[in-house]
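Source file input_2.txt; content: compact mmCIF, C-alpha atoms.
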```
# COMPACT_ATOMS: atom_id res chain seq x y z
CA MET A 17 99.98 106.28 62.28
CA GLN A 18 98.64 105.14 65.62
CA SER A 19 99.91 106.91 68.76
CA PRO A 20 102.18 104.74 70.94
CA TRP A 21 99.97 105.76 73.86
CA TRP A 22 96.77 104.58 72.14
CA PRO A 23 94.01 104.47 73.32
CA PHE A 24 95.07 107.23 75.76
CA GLY A 25 97.08 109.36 73.35
CA SER A 26 94.33 111.92 72.88
CA LEU A 27 93.91 112.26 76.66
CA PHE A 28 97.56 113.23 77.11
CA GLY A 29 97.02 116.23 74.88
CA LEU A 30 94.44 117.49 77.38
CA ALA A 31 96.59 116.98 80.47
CA PRO A 32 98.87 119.79 81.63
CA ALA A 33 102.57 119.42 80.83
CA GLN A 34 103.48 119.74 84.52
CA LEU A 35 101.71 117.31 86.81
CA ASN A 36 103.25 118.49 90.06
CA GLN A 37 101.76 120.94 92.52
CA PRO A 38 103.38 122.50 95.55
CA ILE A 39 101.70 121.38 98.76
CA LEU A 40 102.93 124.26 100.93
CA PRO A 41 103.97 127.10 98.62
CA GLY A 42 106.39 129.54 100.19
CA TRP A 43 107.25 127.19 103.05
CA SER A 44 110.78 126.14 103.87
CA PHE A 45 112.77 125.34 106.99
CA GLY A 46 113.99 128.94 106.97
CA ASN A 47 110.41 130.20 107.03
CA VAL A 48 109.22 128.47 110.21
CA THR A 49 107.32 130.75 112.58
CA VAL A 50 108.41 130.62 116.20
CA ASN A 51 106.33 132.05 119.03
CA TYR A 52 108.79 134.16 120.97
CA ALA A 53 108.28 135.03 124.60
CA GLY A 54 109.51 138.61 124.23
CA ASN A 55 109.59 141.11 121.38
CA ALA A 56 109.47 138.95 118.24
CA ASP A 57 111.39 141.51 116.15
CA ILE A 58 114.23 141.63 118.67
CA GLU A 59 114.28 137.84 119.07
CA ARG A 60 114.42 137.35 115.28
CA LYS A 61 117.25 139.87 114.89
CA VAL A 62 119.26 138.26 117.70
CA VAL A 63 118.90 134.77 116.23
CA GLU A 64 119.64 135.96 112.67
CA ASP A 65 122.40 138.50 113.39
CA VAL A 66 124.02 137.49 116.69
CA ALA A 67 123.74 133.82 117.65
CA SER A 68 121.23 131.02 117.13
CA TYR A 69 119.48 129.54 120.14
CA GLY A 70 121.63 126.42 119.75
CA ARG A 71 124.84 128.44 119.79
CA GLN A 72 123.69 130.46 122.82
CA LEU A 73 122.73 127.29 124.67
CA GLY A 74 126.00 125.61 123.74
CA ILE A 75 127.98 128.50 125.20
CA ILE A 76 125.93 128.41 128.41
CA ILE A 77 126.42 124.64 128.69
CA ASP A 78 130.18 125.04 128.22
CA LEU A 79 130.26 127.73 130.90
CA VAL A 80 128.25 125.69 133.43
CA LEU A 81 130.33 122.57 132.81
CA ASN A 82 133.52 124.61 133.21
CA MET A 83 132.21 126.02 136.49
CA ASN A 84 131.74 122.40 137.56
CA GLY A 85 135.41 121.68 136.86
CA ASP A 86 135.21 120.31 133.31
CA ALA A 87 138.07 121.43 131.10
CA LEU A 88 137.53 123.81 128.20
CA GLU A 89 139.01 123.41 124.76
CA PRO A 90 142.14 125.57 124.27
CA GLY A 91 141.15 129.13 123.44
CA GLU A 92 137.52 128.64 124.54
CA ASP A 93 136.04 131.47 126.58
CA PRO A 94 132.30 130.91 127.06
CA LEU A 95 131.96 133.79 129.53
CA GLY A 96 133.60 136.15 127.04
CA GLN A 97 131.30 134.82 124.29
CA LEU A 98 128.25 135.43 126.49
CA ARG A 99 129.43 138.97 127.20
CA GLU A 100 129.79 139.61 123.44
CA ILE A 101 126.31 138.25 122.78
CA ALA A 102 124.86 140.34 125.63
CA ALA A 103 126.47 143.50 124.24
CA LYS A 104 125.10 142.82 120.74
CA VAL A 105 121.63 142.07 122.12
CA LYS A 106 121.72 145.36 124.05
CA GLU A 107 122.60 147.22 120.84
CA ILE A 108 119.70 145.58 119.00
CA LYS A 109 117.30 146.47 121.82
CA GLU A 110 118.44 150.10 121.78
CA ARG A 111 118.03 150.32 118.00
CA GLU A 112 114.62 148.65 118.18
CA LYS A 113 113.49 151.01 120.93
CA GLY A 114 114.43 153.99 118.77
CA SER A 115 112.81 152.56 115.66
CA LEU A 116 109.63 151.73 117.59
CA SER A 117 109.26 155.32 118.76
CA GLU A 118 110.02 156.56 115.24
CA ARG A 119 107.35 154.24 113.76
CA ALA A 120 104.83 155.35 116.38
CA SER A 121 105.59 159.00 115.71
CA GLU A 122 105.26 158.50 111.94
CA ALA A 123 101.97 156.65 112.40
CA MET A 124 100.57 159.42 114.60
CA ALA A 125 101.69 162.06 112.09
CA LYS A 126 99.89 160.22 109.27
CA LEU A 127 96.80 159.79 111.42
CA ALA A 128 96.83 163.48 112.35
CA GLU A 129 96.92 164.38 108.65
CA THR A 130 93.90 162.23 107.83
CA ASP A 131 91.91 162.22 111.08
CA ARG A 132 93.04 164.86 113.56
CA ASP A 133 90.30 164.02 116.09
CA ALA A 134 91.33 160.35 116.19
CA ALA A 135 94.98 161.34 116.69
CA ARG A 136 93.99 163.61 119.60
CA ARG A 137 91.81 160.89 121.13
CA ILE A 138 94.57 158.28 120.90
CA ALA A 139 97.20 160.64 122.31
CA ARG A 140 94.85 161.62 125.16
CA ASP A 141 94.02 157.95 125.89
CA TYR A 142 97.68 156.96 126.10
CA LEU A 143 98.71 160.00 128.11
CA GLY A 144 95.80 159.29 130.48
CA ARG A 145 97.15 155.78 131.02
CA ALA A 146 100.65 157.02 131.84
CA THR A 147 101.18 156.65 135.56
CA GLY A 148 104.17 156.33 137.79
CA PRO A 149 107.45 158.22 137.84
CA THR A 150 107.69 158.64 134.04
CA GLY A 151 104.04 159.67 133.49
```
Show me this structure written as structure tokens.
Amino acid sequence: MQSPWWPFGSLFGLAPAQLNQPILPGWSFGNVTVNYAGNADIERKVVEDVASYGRQLGIIIDLVLNMNGDALEPGEDPLGQLREIAAKVKEIKEREKGSLSERASEAMAKLAETDRDAARRIARDYLGRATGPTG
């Protein structure tokens, strides 16, 4: 019996079953890279865990408009919201500071195990750069 797709029936057997291909594999709106002005890890954690940029900006806008005499919605407290965000950001910065020093210490320990001279050289270079009241 003749294939209903004749004369192309035999060609379809050679074609893959799936004829779609992702153009940007792994990409989604949640995977967009943003160039942050400060510490990218801290910025990412603030946006993910505390408040998006839109939410932060909305609160600031509400506060400025209220300072200009515009009425707030009942129960709205933009200054209180900003204080909460600021406290959470401070916590994240403190945690990040501690984890950064821990990561640096772990990296130096690993380097010292494999290349003691390089570890000494790096420590000496950084201590030599330390100037000012803390150095």
Rank nothing, just name the residue among A:Lys106, A:Leu95, A:Leu116, A:Ile101 nearest to A:Leu81, using all atoms listed in the file.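 Checking each of A:Lys106, A:Leu95, A:Leu116, A:Ile101 against A:Leu81, counting all atoms listed in the file, the winner is A:Leu95.
Distance annotation: of A:Gly144, A:Gly96, A:Gly114, A:Gly54, the residue with the minimal separation from A:Ile75 is A:Gly96; atom set is only C-alpha atoms.
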Between A:Arg136, A:Val80, A:Glu59, A:Gln72, single out the one closest to A:Glu100, counting only C-alpha atoms. A:Gln72
Gap from atom CA of A:Val105 to atom CA of A:Leu88 - Å, one decimal: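 These two atoms are separated by 25.0 Å.
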What separation in Å, quoted to one decimal, exists between atom CA of A:Ala139 and atom CA of A:Met124?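 A separation of 8.5 Å between them.
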Pick out the closest residue to A:Gly74 from this set: A:Glu112, A:Asp133, A:Glu92, A:Asp57. Count only C-alpha atoms. A:Glu92
When you draw a straight line from atom CA of A:Ser68 to atom CA of A:Ala56, how long is it in Å?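 Pair atom CA of A:Ser68 / atom CA of A:Ala56 returns 14.2 Å.
Closest approach to A:Val62 among A:Ile76, A:Leu98, A:Ile108, A:Ala103 is made by A:Ile108 (distances from all atoms listed in the file).
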Taking N, CA and C atoms as the atom set, what does stretch 56-86 of chain A look like once completed, written as a PDB file, keeping the file's coordinate frame?
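Wrote it out as rebuild_36.pdb, contents follow:
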```pdb
ATOM      1  N   ALA A  56     109.142 139.854 119.340  1.00  0.00           N
ATOM      2  CA  ALA A  56     109.470 138.950 118.240  1.00  0.00           C
ATOM      3  C   ALA A  56     110.491 139.557 117.284  1.00  0.00           C
ATOM      4  N   ASP A  57     110.428 140.871 117.036  1.00  0.00           N
ATOM      5  CA  ASP A  57     111.390 141.510 116.150  1.00  0.00           C
ATOM      6  C   ASP A  57     112.807 141.437 116.723  1.00  0.00           C
ATOM      7  N   ILE A  58     112.928 141.694 118.019  1.00  0.00           N
ATOM      8  CA  ILE A  58     114.230 141.630 118.670  1.00  0.00           C
ATOM      9  C   ILE A  58     114.748 140.195 118.679  1.00  0.00           C
ATOM     10  N   GLU A  59     113.884 139.253 119.028  1.00  0.00           N
ATOM     11  CA  GLU A  59     114.280 137.840 119.070  1.00  0.00           C
ATOM     12  C   GLU A  59     114.774 137.382 117.697  1.00  0.00           C
ATOM     13  N   ARG A  60     114.048 137.746 116.639  1.00  0.00           N
ATOM     14  CA  ARG A  60     114.420 137.350 115.280  1.00  0.00           C
ATOM     15  C   ARG A  60     115.776 137.933 114.906  1.00  0.00           C
ATOM     16  N   LYS A  61     115.979 139.220 115.216  1.00  0.00           N
ATOM     17  CA  LYS A  61     117.250 139.870 114.890  1.00  0.00           C
ATOM     18  C   LYS A  61     118.417 139.242 115.653  1.00  0.00           C
ATOM     19  N   VAL A  62     118.200 138.888 116.913  1.00  0.00           N
ATOM     20  CA  VAL A  62     119.260 138.260 117.700  1.00  0.00           C
ATOM     21  C   VAL A  62     119.639 136.912 117.093  1.00  0.00           C
ATOM     22  N   VAL A  63     118.633 136.108 116.775  1.00  0.00           N
ATOM     23  CA  VAL A  63     118.900 134.770 116.230  1.00  0.00           C
ATOM     24  C   VAL A  63     119.546 134.875 114.846  1.00  0.00           C
ATOM     25  N   GLU A  64     119.095 135.825 114.018  1.00  0.00           N
ATOM     26  CA  GLU A  64     119.640 135.960 112.670  1.00  0.00           C
ATOM     27  C   GLU A  64     121.006 136.638 112.659  1.00  0.00           C
ATOM     28  N   ASP A  65     121.200 137.662 113.490  1.00  0.00           N
ATOM     29  CA  ASP A  65     122.400 138.500 113.390  1.00  0.00           C
ATOM     30  C   ASP A  65     123.457 138.234 114.457  1.00  0.00           C
ATOM     31  N   VAL A  66     123.079 137.635 115.580  1.00  0.00           N
ATOM     32  CA  VAL A  66     124.020 137.490 116.690  1.00  0.00           C
ATOM     33  C   VAL A  66     124.394 136.031 116.907  1.00  0.00           C
ATOM     34  N   ALA A  67     123.453 135.230 117.362  1.00  0.00           N
ATOM     35  CA  ALA A  67     123.740 133.820 117.650  1.00  0.00           C
ATOM     36  C   ALA A  67     122.429 133.046 117.705  1.00  0.00           C
ATOM     37  N   SER A  68     122.417 131.872 117.091  1.00  0.00           N
ATOM     38  CA  SER A  68     121.230 131.020 117.130  1.00  0.00           C
ATOM     39  C   SER A  68     120.979 130.561 118.561  1.00  0.00           C
ATOM     40  N   TYR A  69     119.777 130.042 118.806  1.00  0.00           N
ATOM     41  CA  TYR A  69     119.480 129.540 120.140  1.00  0.00           C
ATOM     42  C   TYR A  69     120.427 128.390 120.495  1.00  0.00           C
ATOM     43  N   GLY A  70     120.724 127.537 119.514  1.00  0.00           N
ATOM     44  CA  GLY A  70     121.630 126.420 119.750  1.00  0.00           C
ATOM     45  C   GLY A  70     123.018 126.893 120.154  1.00  0.00           C
ATOM     46  N   ARG A  71     123.509 127.914 119.464  1.00  0.00           N
ATOM     47  CA  ARG A  71     124.840 128.440 119.790  1.00  0.00           C
ATOM     48  C   ARG A  71     124.833 129.069 121.188  1.00  0.00           C
ATOM     49  N   GLN A  72     123.780 129.843 121.495  1.00  0.00           N
ATOM     50  CA  GLN A  72     123.690 130.460 122.820  1.00  0.00           C
ATOM     51  C   GLN A  72     123.652 129.377 123.904  1.00  0.00           C
ATOM     52  N   LEU A  73     122.843 128.360 123.683  1.00  0.00           N
ATOM     53  CA  LEU A  73     122.730 127.290 124.670  1.00  0.00           C
ATOM     54  C   LEU A  73     124.039 126.521 124.813  1.00  0.00           C
ATOM     55  N   GLY A  74     124.718 126.289 123.696  1.00  0.00           N
ATOM     56  CA  GLY A  74     126.000 125.610 123.740  1.00  0.00           C
ATOM     57  C   GLY A  74     127.022 126.358 124.574  1.00  0.00           C
ATOM     58  N   ILE A  75     127.051 127.667 124.422  1.00  0.00           N
ATOM     59  CA  ILE A  75     127.980 128.500 125.200  1.00  0.00           C
ATOM     60  C   ILE A  75     127.641 128.420 126.690  1.00  0.00           C
ATOM     61  N   ILE A  76     126.354 128.489 126.996  1.00  0.00           N
ATOM     62  CA  ILE A  76     125.930 128.410 128.410  1.00  0.00           C
ATOM     63  C   ILE A  76     126.285 127.044 128.989  1.00  0.00           C
ATOM     64  N   ILE A  77     126.065 125.993 128.219  1.00  0.00           N
ATOM     65  CA  ILE A  77     126.420 124.640 128.690  1.00  0.00           C
ATOM     66  C   ILE A  77     127.911 124.550 128.960  1.00  0.00           C
ATOM     67  N   ASP A  78     128.729 125.062 128.023  1.00  0.00           N
ATOM     68  CA  ASP A  78     130.180 125.040 128.220  1.00  0.00           C
ATOM     69  C   ASP A  78     130.566 125.783 129.495  1.00  0.00           C
ATOM     70  N   LEU A  79     129.941 126.925 129.724  1.00  0.00           N
ATOM     71  CA  LEU A  79     130.260 127.730 130.900  1.00  0.00           C
ATOM     72  C   LEU A  79     129.893 126.986 132.186  1.00  0.00           C
ATOM     73  N   VAL A  80     128.701 126.411 132.223  1.00  0.00           N
ATOM     74  CA  VAL A  80     128.250 125.690 133.430  1.00  0.00           C
ATOM     75  C   VAL A  80     129.142 124.482 133.690  1.00  0.00           C
ATOM     76  N   LEU A  81     129.466 123.737 132.627  1.00  0.00           N
ATOM     77  CA  LEU A  81     130.330 122.570 132.810  1.00  0.00           C
ATOM     78  C   LEU A  81     131.716 122.989 133.298  1.00  0.00           C
ATOM     79  N   ASN A  82     132.225 124.113 132.768  1.00  0.00           N
ATOM     80  CA  ASN A  82     133.520 124.610 133.210  1.00  0.00           C
ATOM     81  C   ASN A  82     133.474 125.027 134.673  1.00  0.00           C
ATOM     82  N   MET A  83     132.367 125.626 135.088  1.00  0.00           N
ATOM     83  CA  MET A  83     132.210 126.020 136.490  1.00  0.00           C
ATOM     84  C   MET A  83     132.185 124.793 137.395  1.00  0.00           C
ATOM     85  N   ASN A  84     131.799 123.651 136.808  1.00  0.00           N
ATOM     86  CA  ASN A  84     131.740 122.400 137.560  1.00  0.00           C
ATOM     87  C   ASN A  84     133.098 121.669 137.527  1.00  0.00           C
ATOM     88  N   GLY A  85     134.084 122.276 136.875  1.00  0.00           N
ATOM     89  CA  GLY A  85     135.410 121.680 136.860  1.00  0.00           C
ATOM     90  C   GLY A  85     135.783 121.012 135.555  1.00  0.00           C
ATOM     91  N   ASP A  86     134.879 120.913 134.598  1.00  0.00           N
ATOM     92  CA  ASP A  86     135.210 120.310 133.310  1.00  0.00           C
ATOM     93  C   ASP A  86     136.140 121.238 132.537  1.00  0.00           C
TER      94      ASP A  86
END
```
